[in-house]
Amino acid sequence: SENGTRCVLSSSSEFPEGFFTPQERKDGGIVIYFIIILYMFLAVSIVCDDYFLPSLEIISECLGLSQDVAGATFMAAGSSAPELVTAFLGAFVTKGDIGVSTILGSAIYNLLGISAACGLFSSVVSRLSCWPLFRDCLAYTISAAAVLAMIADNRIYWYESASLLLIYGCYILVLCFDIKINQYLMKKFSPCCACLTKAMEENAEQQPLVGWRDESGPLIRQQSRTDSGIFQDELDYSQLSTSLHGLDDISEDHPNVFTMPEADMKRILWVLSLPIITLLYLTIPDCRRQFWRNWFMVTFLISAAWISAITYVLVWMVTITGETLGIPESVMGLTLLAAGTSVPDTVASVLVARKGNGDMAMSNIVGSNVFDMLCLGIPWFIKTAFINTSGPIEVNSSGLTYTAISLVCSVGFIFLAVHLNGWKIDKKMGTICLVLYLVFTVLSILYELGIIGNNPTRVCGN
C-alpha cells in the first residue's frame with residue numbers, strides 16, 4: 001500500500017499463461033479467445049440441458065423433493081461446483097484471496113443478474129411462493145453475515161469455519177422438514193398469506209417437477225406440493241421416499257443426442273457443437289435413456305465436474321481477454337469474472353424458468369449463494385483443523401463495509417421486487433432486476449476505482 005492506494009494482484013496471475021503473447025493477441029489473436037468463450041457458453045448449455053438437469057429431475061423424484069428444495073440443494077450444489085473448486089484453489093494452491101473475492105464479488109450478480117436473465121429470457125410467466133424465497137433469503141443473509149464477521153479481523157480460525165458448516169447443516173435440516181414448516185407457517189399467518197398459499201398450490205399442481213421433455217413426454221409423473229416432501233406427511237415417523245414413481249412403466253427411449261434437429265438454425269448449432277456432444281456422450285452416462293437410467297447419480301457428479309472444467313476455461317479466457325482490452329482489474333472482477341463464474345447457475349436457472357418452474361429457479365439462485373458460503377467453509381475448516389493447526393488463515397477483507405451493505409441491500413431489493421411484482425417472474429421483473437444490477441455494478445465500480453469512498457486500487461507491479 002502506497003499513499004493510501006491498495007495493491008491487488010492481477011486476475012491472470014491465478015491462471016496459466018495464454019497460448020498467444022500480448023502482442024499476438026492485439027494483432028488479432030484475441031478473436032480466437034472470443035470464439036473459445038462463445039464455445040464454452042454453448043458447452044455449458046449442452047451439459048446442463050442434456051445431462052445435469054435430467055439427472056437432477058430423477059434425483060429429486062427419488063427423494064420426493066419439491067421444486068424449491070431441489071433447486072436449493074442438488075441444483076445449487078451442482079451448478080456452484082466451480083465456486084467450490086475456486087475456493088479450494090484459493091486455500092491450498094494459490095494461497096490468495098481468490099476464493100473470497102470470487103464468491104463475495106459474484107453474490108450480487110447471482111441475485112440480481114440471474115433473476116434478470118430468468119425474467120427477460122423466459123416467455124412463460126412463473127408464479128412464486130412466499131415461503132421458499134423467504135427461507136432461502138434468510139439463510140443467505142445469515143450465512144453472508146457470518147462470513148463477513150469472520151473475515152473482519154483478516155483471520156479465520158477453525159471454530160469460525162466450523163460454524164459455517166453448522167449453519168449449512170441447519171439449513172439442510174430446515175429443508176428436510178420444509179413441508180411441515182411451510183404448512184405450520186401458512187396456517188399461522190393464513191390471513192395475510194392465503195392468496196400466496198393458493199397460488200403456490202395451483203402452481204405446483206399444474207406443473208411437473210422439471211418437464212423439459214416436450215417431444216417424448218415427461219419421464220416423471222406430476223406431483224403436487226403436498227406430497228413432495230422428503231418426509232411424508234401421512235406417516236407418524238420419518239420415511240424417505242425412494243420410489244421412482246413408475247419409471248419401469250416407461251417403454252419409449254429418449255432420442256439419441258446425435259439425432260439432427262429439423263430447424264435450420266438448430267442444425268447449424270448442432271454441427272458446430274458436435275465435438276462437445278461427442279465428448280460428453282463418451283464420458284457421461286445419459287440417464288434419460290433406459291439403459292443408463294439407474295446411473296443418474298453418476299451422471300450428476302460427472303456433469304458437475306464437466307461444468308467446473310468448462311467454467312474454469314471460460315473464466316481463464318475472459319480474464320485474458322479483459323486484460324488484452326485494457327479493462328481495469330476491479331471492473332473486470334465485478335462484471336466479466338462475476339458473470340463467468342456464474343454461467344452454470346445462469347443457464348440452469350433460465351432453462352427451468354422457461355418451463356414455468358419459478359420456485360426452482362429462484363431457489364437455485366439464492367440457494368447457490370448459500371452453498372457458496374459453504375464453499376468457503378469447507379477448505380477453511382480442512383486447512384485450519386487438519387493441515388495448518390498452528391494458527392489461523394490470513395485473508396484480506398478490504399472493502400468489507402461496502403460488500404456487507406451491497407449483500408444486505410441486494411437481498412432486500414430482490415424480495416421487495418418480487419413482492420411488488422405480484423410474486424411472479426416475468427419480463428417486468430427481469431427489467432427491474434436488470435436496472436438494480438446495473439445500479440449496483442456502477443456504484444461498485446466507482447467504489448473500486450476510488451471515485452467514491454476512499455478505496456483506490458491498482459494492480460501490483462504497475
# chains A, B, ... in the order shown; residues from 1 in each chain; ligands from 1
>>> residues_around(residues="stretch 55-58 of chain A", least_positions_apart="2", cutoff="7 Å", atoms="only C-alpha atoms", output="list in words")
Tyr51, Phe52, Leu53, Ser60, Glu61, Cys62, Phe74, Met75, Leu209, Val210, Cys287, Phe296, Met297, Thr299 and Phe300 of chain A
>>> write_last_selection(atoms="C-alpha atoms", output="compact mmCIF listing (two decimals), in the first residue's frame")
# COMPACT_ATOMS: atom_id res chain seq x y z
CA TYR A 51 -27.19 -34.31 -18.54
CA PHE A 52 -27.22 -32.13 -15.41
CA LEU A 53 -30.90 -31.15 -15.26
CA SER A 60 -35.49 -35.10 -6.93
CA GLU A 61 -38.19 -37.61 -7.73
CA CYS A 62 -36.40 -40.42 -5.91
CA PHE A 74 -28.73 -30.55 -5.59
CA MET A 75 -29.19 -27.96 -8.33
CA LEU A 209 -41.01 -31.05 -11.46
CA VAL A 210 -38.87 -30.06 -14.40
CA CYS A 287 -29.75 -41.13 -17.66
CA PHE A 296 -28.41 -40.86 -12.58
CA MET A 297 -26.11 -40.11 -9.60
CA THR A 299 -24.48 -38.55 -14.40
CA PHE A 300 -24.99 -35.79 -11.82
>>> residues_around(residues="A:Val347", least_positions_apart="6", cutoff="9 Å", atoms="only C-alpha atoms", output="list in words")
Phe41, Val44, Ser45, Cys48, Asp49 and Ile114 of chain A
>>> write_last_selection(atoms="N, CA, C and O atoms", output="tab-separated table (two decimals), in the first residue's frame")
chain	number	residue	atom	x	y	z
A	41	PHE	N	-19.70	-21.20	-23.63
A	41	PHE	CA	-21.10	-20.94	-23.29
A	41	PHE	C	-21.99	-22.03	-23.87
A	41	PHE	O	-22.91	-22.54	-23.21
A	44	VAL	N	-21.54	-25.34	-21.84
A	44	VAL	CA	-22.24	-25.34	-20.55
A	44	VAL	C	-23.73	-25.57	-20.77
A	44	VAL	O	-24.38	-26.32	-20.02
A	45	SER	N	-24.30	-24.94	-21.80
A	45	SER	CA	-25.72	-25.12	-22.08
A	45	SER	C	-26.04	-26.58	-22.41
A	45	SER	O	-27.05	-27.12	-21.94
A	48	CYS	N	-25.80	-28.79	-19.16
A	48	CYS	CA	-26.95	-28.56	-18.28
A	48	CYS	C	-28.23	-29.16	-18.84
A	48	CYS	O	-28.98	-29.84	-18.12
A	49	ASP	N	-28.47	-28.94	-20.12
A	49	ASP	CA	-29.74	-29.35	-20.72
A	49	ASP	C	-29.83	-30.85	-20.95
A	49	ASP	O	-30.89	-31.46	-20.76
A	114	ILE	N	-28.94	-12.95	-12.48
A	114	ILE	CA	-29.61	-14.18	-12.92
A	114	ILE	C	-31.12	-14.01	-12.87
A	114	ILE	O	-31.84	-14.52	-13.74
>>> closest_residue(among="A:Glu83, A:Asp50, A:Asp27, A:Glu160", to="A:Leu280", atoms="only C-alpha atoms")
A:Asp50
>>> atom_distance(atom1="atom CA of A:Gly119", atom2="atom CA of A:Ile268")
27.1 Å
>>> atom_distance(atom1="atom CA of A:Met373", atom2="atom CA of A:Ala76")
11.8 Å
>>> closest_residue(among="A:Ala144, A:Ala152, A:Ala263, A:Val298", to="A:Leu164", atoms="only C-alpha atoms")
A:Ala144
>>> residues_around(residues="A:Gly18", least_positions_apart="5", cutoff="9 Å", atoms="only C-alpha atoms", output="list in words")
Trp316, Met317 and Ile320 of chain A
>>> residues_around(residues="A:Ile151", least_positions_apart="4", cutoff="7 Å", atoms="only C-alpha atoms", output="VMD selection string")
chain A and resid 147 155 to 156 395 397
>>> write_last_selection(atoms="C-alpha atoms", output="compact mmCIF listing (two decimals), in the first residue's frame")
# COMPACT_ATOMS: atom_id res chain seq x y z
CA VAL A 147 -18.66 -14.89 6.62
CA ARG A 155 -8.11 -14.08 10.31
CA ILE A 156 -10.07 -17.34 10.05
CA VAL A 395 -7.32 -13.23 4.45
CA SER A 397 -11.01 -8.03 3.99
>>> select_by_dssp(residues="stretch 282-331 of chain A", states="alpha helix (DSSP H)", output="ChimeraX atom specification")
/A:282-283,296-324,329-331
>>> write_last_selection(atoms="N, CA and C atoms", output="mmCIF file, in the first residue's frame")
data_model
loop_
_atom_site.group_PDB
_atom_site.id
_atom_site.type_symbol
_atom_site.label_atom_id
_atom_site.label_comp_id
_atom_site.auth_asym_id
_atom_site.auth_seq_id
_atom_site.Cartn_x
_atom_site.Cartn_y
_atom_site.Cartn_z
ATOM 1 N N LEU A 282 -19.378 -39.692 -24.703
ATOM 2 C CA LEU A 282 -18.420 -40.750 -24.371
ATOM 3 C C LEU A 282 -18.032 -40.769 -22.895
ATOM 4 N N THR A 283 -18.262 -39.669 -22.179
ATOM 5 C CA THR A 283 -17.793 -39.580 -20.790
ATOM 6 C C THR A 283 -18.914 -39.533 -19.755
ATOM 7 N N PHE A 296 -28.161 -42.299 -12.625
ATOM 8 C CA PHE A 296 -28.406 -40.856 -12.578
ATOM 9 C C PHE A 296 -27.458 -40.123 -11.622
ATOM 10 N N MET A 297 -27.025 -40.775 -10.529
ATOM 11 C CA MET A 297 -26.112 -40.113 -9.596
ATOM 12 C C MET A 297 -24.738 -39.932 -10.219
ATOM 13 N N VAL A 298 -24.301 -40.937 -10.997
ATOM 14 C CA VAL A 298 -23.027 -40.819 -11.718
ATOM 15 C C VAL A 298 -23.121 -39.697 -12.747
ATOM 16 N N THR A 299 -24.259 -39.626 -13.435
ATOM 17 C CA THR A 299 -24.476 -38.549 -14.404
ATOM 18 C C THR A 299 -24.386 -37.190 -13.735
ATOM 19 N N PHE A 300 -25.005 -37.066 -12.561
ATOM 20 C CA PHE A 300 -24.988 -35.792 -11.824
ATOM 21 C C PHE A 300 -23.568 -35.375 -11.459
ATOM 22 N N LEU A 301 -22.779 -36.303 -10.917
ATOM 23 C CA LEU A 301 -21.424 -35.974 -10.453
ATOM 24 C C LEU A 301 -20.485 -35.655 -11.616
ATOM 25 N N ILE A 302 -20.547 -36.466 -12.684
ATOM 26 C CA ILE A 302 -19.649 -36.222 -13.825
ATOM 27 C C ILE A 302 -20.024 -34.933 -14.542
ATOM 28 N N SER A 303 -21.327 -34.668 -14.690
ATOM 29 C CA SER A 303 -21.738 -33.427 -15.346
ATOM 30 C C SER A 303 -21.329 -32.211 -14.522
ATOM 31 N N ALA A 304 -21.381 -32.323 -13.172
ATOM 32 C CA ALA A 304 -20.914 -31.223 -12.320
ATOM 33 C C ALA A 304 -19.416 -31.002 -12.496
ATOM 34 N N ALA A 305 -18.662 -32.113 -12.644
ATOM 35 C CA ALA A 305 -17.216 -31.984 -12.890
ATOM 36 C C ALA A 305 -16.943 -31.317 -14.234
ATOM 37 N N TRP A 306 -17.719 -31.685 -15.260
ATOM 38 C CA TRP A 306 -17.566 -31.050 -16.570
ATOM 39 C C TRP A 306 -17.922 -29.569 -16.511
ATOM 40 N N ILE A 307 -18.962 -29.229 -15.759
ATOM 41 C CA ILE A 307 -19.342 -27.826 -15.591
ATOM 42 C C ILE A 307 -18.198 -27.029 -14.968
ATOM 43 N N SER A 308 -17.529 -27.619 -13.965
ATOM 44 C CA SER A 308 -16.393 -26.946 -13.324
ATOM 45 C C SER A 308 -15.253 -26.737 -14.308
ATOM 46 N N ALA A 309 -14.935 -27.769 -15.090
ATOM 47 C CA ALA A 309 -13.826 -27.670 -16.044
ATOM 48 C C ALA A 309 -14.117 -26.631 -17.125
ATOM 49 N N ILE A 310 -15.331 -26.654 -17.662
ATOM 50 C CA ILE A 310 -15.693 -25.710 -18.720
ATOM 51 C C ILE A 310 -15.693 -24.287 -18.182
ATOM 52 N N THR A 311 -16.216 -24.103 -16.960
ATOM 53 C CA THR A 311 -16.241 -22.766 -16.365
ATOM 54 C C THR A 311 -14.835 -22.244 -16.115
ATOM 55 N N TYR A 312 -13.920 -23.123 -15.711
ATOM 56 C CA TYR A 312 -12.531 -22.707 -15.499
ATOM 57 C C TYR A 312 -11.930 -22.165 -16.792
ATOM 58 N N VAL A 313 -12.115 -22.902 -17.893
ATOM 59 C CA VAL A 313 -11.597 -22.437 -19.185
ATOM 60 C C VAL A 313 -12.262 -21.127 -19.586
ATOM 61 N N LEU A 314 -13.581 -21.026 -19.344
ATOM 62 C CA LEU A 314 -14.316 -19.816 -19.697
ATOM 63 C C LEU A 314 -13.776 -18.603 -18.957
ATOM 64 N N VAL A 315 -13.605 -18.722 -17.635
ATOM 65 C CA VAL A 315 -13.102 -17.600 -16.834
ATOM 66 C C VAL A 315 -11.665 -17.272 -17.215
ATOM 67 N N TRP A 316 -10.875 -18.286 -17.518
ATOM 68 C CA TRP A 316 -9.488 -18.082 -17.965
ATOM 69 C C TRP A 316 -9.458 -17.237 -19.240
ATOM 70 N N MET A 317 -10.273 -17.612 -20.223
ATOM 71 C CA MET A 317 -10.322 -16.872 -21.483
ATOM 72 C C MET A 317 -10.860 -15.451 -21.281
ATOM 73 N N VAL A 318 -11.882 -15.313 -20.421
ATOM 74 C CA VAL A 318 -12.448 -13.992 -20.152
ATOM 75 C C VAL A 318 -11.414 -13.087 -19.475
ATOM 76 N N THR A 319 -10.633 -13.661 -18.560
ATOM 77 C CA THR A 319 -9.609 -12.880 -17.856
ATOM 78 C C THR A 319 -8.564 -12.347 -18.826
ATOM 79 N N ILE A 320 -8.044 -13.215 -19.701
ATOM 80 C CA ILE A 320 -7.019 -12.788 -20.661
ATOM 81 C C ILE A 320 -7.598 -11.778 -21.660
ATOM 82 N N THR A 321 -8.858 -11.994 -22.072
ATOM 83 C CA THR A 321 -9.498 -11.059 -22.997
ATOM 84 C C THR A 321 -9.641 -9.676 -22.371
ATOM 85 N N GLY A 322 -10.105 -9.642 -21.125
ATOM 86 C CA GLY A 322 -10.248 -8.357 -20.440
ATOM 87 C C GLY A 322 -8.926 -7.649 -20.250
ATOM 88 N N GLU A 323 -7.888 -8.434 -19.946
ATOM 89 C CA GLU A 323 -6.554 -7.852 -19.780
ATOM 90 C C GLU A 323 -6.040 -7.282 -21.098
ATOM 91 N N THR A 324 -6.285 -7.996 -22.212
ATOM 92 C CA THR A 324 -5.850 -7.533 -23.538
ATOM 93 C C THR A 324 -6.568 -6.252 -23.946
ATOM 94 N N GLU A 329 -8.754 -4.125 -13.555
ATOM 95 C CA GLU A 329 -8.970 -5.353 -12.789
ATOM 96 C C GLU A 329 -10.228 -5.290 -11.936
ATOM 97 N N SER A 330 -10.439 -4.162 -11.262
ATOM 98 C CA SER A 330 -11.589 -4.055 -10.379
ATOM 99 C C SER A 330 -12.894 -4.120 -11.160
ATOM 100 N N VAL A 331 -12.914 -3.503 -12.341
ATOM 101 C CA VAL A 331 -14.104 -3.533 -13.187
ATOM 102 C C VAL A 331 -14.347 -4.943 -13.705
#
>>> closest_residue(among="A:Ile284, A:Gly340, A:Ala417, A:Tyr157", to="A:Asn388", atoms="only C-alpha atoms")
A:Tyr157
